[in-house]
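Step one of this worksheet: look at the structure below.
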Amino acid sequence: MQKCMISDDNTSSDILGLNTEKNVLNKNRDISNNTSVVVDIEFSILCEILSRLPVKSLMRFKFVSKTWLSLIQKDLYFIDLHCKRSRTLRPALLYVIPLKIKDQNNPFRVGDKFFLTANLSFERRGKRKAEIHSTRKINLFTHRLPADVRIYNISTREVTPRITSTLLREEVEKNSTCWRPSYDITYKLGFHPATKEHKLLCMCRIYLCETDYEYELYQVLTVGDNTWRRIDWVSPCRLDFLQLSVYANGSIYFCSAFFEDGDPKFLVVFDVGSEKFRTIPIPFILDHQPLDSCFWMRRAYLLAVDGHVAILRRMNNRILKLWIYKATNLDDAEANWSEDIITLPFSWDRKRCLSFSNVEGTNQIIMEFFGNRKRRVNSVYLYSYDWKKKTFCEVKVGGIPASVPDFCSVKLFTAFAESLFPVQKTES
């Protein structure tokens with residue numbers, strides 16, 4: 001294949017055959033009065049074609065012309081269109097597999113990670129398959145305090161410099177004299193559809209073991225600006241920082257920790273655009289469902305279903321209930337929740353673990369099923385559930401590379417869509 005170089009802007013039309021289209025459109029008419037129309041048509045056709053291609057191809061096509069380079073790297077309309085097409089046309093799965101390391105001299109050193117992405121597609125007879133199509137080993141950075149973060153786009157391989165939270169660093173230094181302070185820190189990524197901006201929300205719970213006291217800190221940054229802003233807010237309930245959260249339609253949703261008896265039950269909502277929190281009370285009918293005696297299975301799961309937040313709970317080893325929230329009735333809170341019953345094709349008992357991930361832009365919910373809490377990449381069973389058709393099918397995963405050690409466990413499994421969104425600001 002010949003090496004592509006940046007060329008004059010006219011070459012982009014020739015490659016797609018758009019000059020022929022332009023000649024037909026301009027035949028027998030005054031071009032001077034219709035130039036803008038022709039340009040708009042060419043631009044629309046170009047976006048329609050390129051938005052359907054994988055990121056790997058687009059990374060090469062940046063060198064076709066300066067126009068294509070600007071379109072692929074900077075045009076937010078095209079980047080957003082490509083992301084939407086990726087969700088519907090090329091849904092995928094993502095595995096994050098950490099490599100174990102030991103460094104006694106630096107307890108904050110982070111080990112390298114494998115990122116595996118797999119295309120998700122249908123086979124005959126309703127079966128699905130997921131074929132590993134990319135493997136990337138990421139060399140993560142070393143941090144000295146739990147206040148550093150880097151944002152990485154695994155599709156484009158773009159990464160930000162180290163972003164340090166001054167607020168968290170000050171809290172760490174302030175508590176340095178305390179006996180064994182500990183920190184629960186989680187980061188959640190959200191998207192503002194109107195401005196096409198991603199924002200990173202940081203939630204930190206600090207434990208002071210000497211006084212048996214804990215408190216929480218919240219801060220947010222706009223990806224590209226990379227400057228943290230503090231959010232003053234006190235949660236009305238104890239949130240499950242690490243598990244019960246999901247992004248849906250411009251907001252990040254959190255849930256009361258483990259739905260414990262006696263605690264208030266809320267959905268806590270962070271609006272990505274306004275950067276403000278609000279709460280949605282969970283109705284009595286959802287909270288007081290007849291559950292079985294397995295306490296460790298009584299927790300709730302949050303999903304995004306059809307652009308709405310949903311709560312999923314295990315009723316017994318075969319039955320799940322899914323409640324989808326749609327704010328349509330201000331007078332009757334229970335009327336905003338619709339119920340769906342899911343019958344599993346397998347038994348979910350104490351010997352097996354189950355996790356859930358919604359495939360955005362589709363009707364599919366991926367269920368990850370593994371035994372004895374050993375989450376090995378070669379010993380995980382996947383099922384796809386179509387919540388509209390109420391049908392299950394097993395997902396066969398193939399193409400796992402030999403470079404991934406068998407002893408490593410999967411740290412994160414989720415549905416995935418390729419994205420061109422930049423993580424650093426680009427010059428106009």
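Please note that chains go A, B, ... in the order of the structure tokens, that every chain numbers its residues from 1, and that ligands are numbered from 1 in the order shown.
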All residues 12 Å or closer to Pro54 (chain A), only C-alpha atoms, same chain fewer than 3 positions away omitted, as a JSON list (two decimals) with C-alpha atoms, in the first residue's frame:
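Final output, saved to selection.json:
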```json
[["chain", "number", "residue", "atom", "x", "y", "z"],
["A", 49, "ILE", "CA", -19.46, 7.48, 4.22],
["A", 50, "LEU", "CA", -16.69, 8.17, 6.71],
["A", 51, "SER", "CA", -18.94, 7.98, 9.79],
["A", 57, "SER", "CA", -9.34, 3.29, 8.99],
["A", 58, "LEU", "CA", -10.03, 6.92, 9.86],
["A", 59, "MET", "CA", -6.64, 7.25, 11.53],
["A", 60, "ARG", "CA", -5.07, 6.47, 8.14],
["A", 61, "PHE", "CA", -7.48, 8.67, 6.21],
["A", 72, "ILE", "CA", -11.74, 13.57, 11.64],
["A", 82, "HIS", "CA", -19.41, 8.69, 14.03],
["A", 83, "CYS", "CA", -19.88, 7.81, 17.71],
["A", 85, "ARG", "CA", -23.00, 5.09, 14.18],
["A", 86, "SER", "CA", -20.41, 3.06, 16.10],
["A", 87, "ARG", "CA", -23.00, 2.22, 18.77],
["A", 89, "LEU", "CA", -23.45, -0.45, 13.49],
["A", 90, "ARG", "CA", -20.39, -1.73, 15.36],
["A", 91, "PRO", "CA", -21.28, -2.58, 18.97],
["A", 92, "ALA", "CA", -18.35, -4.12, 20.77],
["A", 119, "ASN", "CA", -16.75, -6.92, 17.70],
["A", 133, "HIS", "CA", -10.05, -7.57, 16.97],
["A", 134, "SER", "CA", -7.57, -5.46, 18.92],
["A", 155, "SER", "CA", -9.73, 3.95, 20.05],
["A", 156, "THR", "CA", -7.40, 6.77, 18.97],
["A", 417, "ALA", "CA", -18.30, 1.75, 21.16],
["A", 418, "GLU", "CA", -15.42, 3.34, 19.27],
["A", 419, "SER", "CA", -15.04, 7.08, 19.54],
["A", 420, "LEU", "CA", -13.04, 9.88, 17.92]]
```
- Task: Might you pull out every residue within 9 Å of Ala310 (chain A), with only C-alpha atoms counted and same-chain residues fewer than 2 positions away left off, and present them as a list in words?
- Result: Tyr301, Leu302, Leu303, Ala304, Val305, His308, Leu312, Leu322, Trp323, Ile324, Tyr325 and Trp337 of chain A
- Task: Mind checking which residues fall within 12 Å of Ile154 (chain A), counting only C-alpha atoms, ignoring those fewer than 6 positions away in the same chain, and posting them as a count of residues only?
- Result: 24
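Computed from the coordinates, the CA of Leu320 (chain A) to CA of Ala300 (chain A) distance equals 10.5 Å.
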- Every residue of region 68-257 of chain A that DSSP places in helix (DSSP H, G or I), as an NGL selection string: :A and (68-74 or 76-89 or 124-126 or 166-174 or 257)
Take the residues that were just selected and, keeping C-alpha atoms, output them as a short mmCIF file (atom, residue, chain, number, x, y, z; two decimals), in the first residue's frame.
```cif
data_model
loop_
_atom_site.label_atom_id
_atom_site.label_comp_id
_atom_site.auth_asym_id
_atom_site.auth_seq_id
_atom_site.Cartn_x
_atom_site.Cartn_y
_atom_site.Cartn_z
CA TRP A 68 -10.20 15.20 6.02
CA LEU A 69 -7.69 15.77 8.80
CA SER A 70 -9.76 18.63 10.20
CA LEU A 71 -12.99 16.66 9.81
CA ILE A 72 -11.74 13.57 11.64
CA GLN A 73 -9.84 15.35 14.41
CA LYS A 74 -11.81 18.53 15.11
CA LEU A 76 -17.63 17.84 16.56
CA TYR A 77 -20.64 17.25 14.29
CA PHE A 78 -18.81 14.49 12.45
CA ILE A 79 -17.19 13.06 15.60
CA ASP A 80 -20.58 12.84 17.32
CA LEU A 81 -22.18 11.28 14.22
CA HIS A 82 -19.41 8.69 14.03
CA CYS A 83 -19.88 7.81 17.71
CA LYS A 84 -23.62 7.28 17.22
CA ARG A 85 -23.00 5.09 14.18
CA SER A 86 -20.41 3.06 16.10
CA ARG A 87 -23.00 2.22 18.77
CA THR A 88 -25.60 0.98 16.32
CA LEU A 89 -23.45 -0.45 13.49
CA ARG A 124 -27.23 -17.72 12.06
CA ARG A 125 -30.03 -19.17 14.20
CA GLY A 126 -30.03 -16.21 16.56
CA THR A 166 -5.12 20.14 44.20
CA LEU A 167 -8.11 19.57 46.44
CA LEU A 168 -7.41 15.86 46.95
CA ARG A 169 -3.69 16.49 47.40
CA GLU A 170 -4.45 19.01 50.15
CA GLU A 171 -6.79 16.55 51.87
CA VAL A 172 -4.16 13.80 51.72
CA GLU A 173 -1.49 16.08 53.15
CA LYS A 174 -3.86 17.38 55.83
CA ALA A 257 -25.46 1.55 48.83
#
```
- Message: So that I can check the surroundings of Asp225 (chain A), please list as a PyMOL selection string every protein, DNA and RNA residue that reaches within 8 Å of it, counting only C-alpha atoms and ignoring chain neighbours fewer than 2 positions away.
- Response: chain A and resi 221-223+227+424-425
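Here CA of Leu267 (chain A) and CA of Tyr247 (chain A) stand 12.3 Å from one another.
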- Query: Taking into account only C-alpha atoms, which residue in the set A:Asn336, A:Thr177, A:Ser165, A:Ala327 is nearest to Leu217 (chain A)?
  - Reply: A:Ser165
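For Val234 (chain A), the set of protein, DNA and RNA residues having any atom at most 12 Å away, when counting only C-alpha atoms and skipping those fewer than 6 positions along the same chain, is Met203, Arg205, Tyr215, Glu216, Leu217, Tyr218, Val268, Lys276, Phe277, Arg278 and Thr279 of chain A.
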Export, as an mmCIF file, in the first residue's frame, the selected residues with N, CA, C and O atoms.
```
data_model
loop_
_atom_site.group_PDB
_atom_site.id
_atom_site.type_symbol
_atom_site.label_atom_id
_atom_site.label_comp_id
_atom_site.auth_asym_id
_atom_site.auth_seq_id
_atom_site.Cartn_x
_atom_site.Cartn_y
_atom_site.Cartn_z
ATOM 1 N N MET A 203 -15.431 11.333 42.811
ATOM 2 C CA MET A 203 -16.091 11.208 44.107
ATOM 3 C C MET A 203 -15.114 10.520 45.049
ATOM 4 O O MET A 203 -14.605 9.443 44.759
ATOM 5 N N ARG A 205 -14.394 9.367 49.133
ATOM 6 C CA ARG A 205 -14.811 9.178 50.526
ATOM 7 C C ARG A 205 -13.556 8.952 51.364
ATOM 8 O O ARG A 205 -12.768 8.045 51.068
ATOM 9 N N TYR A 215 -15.968 11.500 55.493
ATOM 10 C CA TYR A 215 -16.620 12.576 54.762
ATOM 11 C C TYR A 215 -16.326 12.406 53.275
ATOM 12 O O TYR A 215 -15.458 11.616 52.893
ATOM 13 N N GLU A 216 -17.059 13.168 52.454
ATOM 14 C CA GLU A 216 -16.977 12.988 51.008
ATOM 15 C C GLU A 216 -16.619 14.295 50.311
ATOM 16 O O GLU A 216 -16.984 15.381 50.773
ATOM 17 N N LEU A 217 -15.916 14.162 49.211
ATOM 18 C CA LEU A 217 -15.546 15.290 48.368
ATOM 19 C C LEU A 217 -15.992 15.002 46.938
ATOM 20 O O LEU A 217 -15.911 13.864 46.474
ATOM 21 N N TYR A 218 -16.438 16.050 46.246
ATOM 22 C CA TYR A 218 -16.869 15.915 44.857
ATOM 23 C C TYR A 218 -16.200 17.001 44.023
ATOM 24 O O TYR A 218 -16.118 18.161 44.441
ATOM 25 N N VAL A 268 -29.454 9.126 43.033
ATOM 26 C CA VAL A 268 -28.796 10.429 43.033
ATOM 27 C C VAL A 268 -28.344 10.701 41.607
ATOM 28 O O VAL A 268 -27.664 9.877 40.986
ATOM 29 N N LYS A 276 -24.825 19.829 38.591
ATOM 30 C CA LYS A 276 -25.563 19.848 39.853
ATOM 31 C C LYS A 276 -26.163 18.470 40.124
ATOM 32 O O LYS A 276 -26.492 17.725 39.204
ATOM 33 N N PHE A 277 -26.307 18.175 41.438
ATOM 34 C CA PHE A 277 -26.908 16.934 41.882
ATOM 35 C C PHE A 277 -28.388 17.145 42.205
ATOM 36 O O PHE A 277 -28.813 18.238 42.576
ATOM 37 N N ARG A 278 -29.143 16.085 42.061
ATOM 38 C CA ARG A 278 -30.526 16.041 42.549
ATOM 39 C C ARG A 278 -30.833 14.604 42.924
ATOM 40 O O ARG A 278 -30.053 13.679 42.637
ATOM 41 N N THR A 279 -31.971 14.387 43.578
ATOM 42 C CA THR A 279 -32.332 13.034 44.013
ATOM 43 C C THR A 279 -33.701 12.632 43.471
ATOM 44 O O THR A 279 -34.572 13.478 43.237
#
```
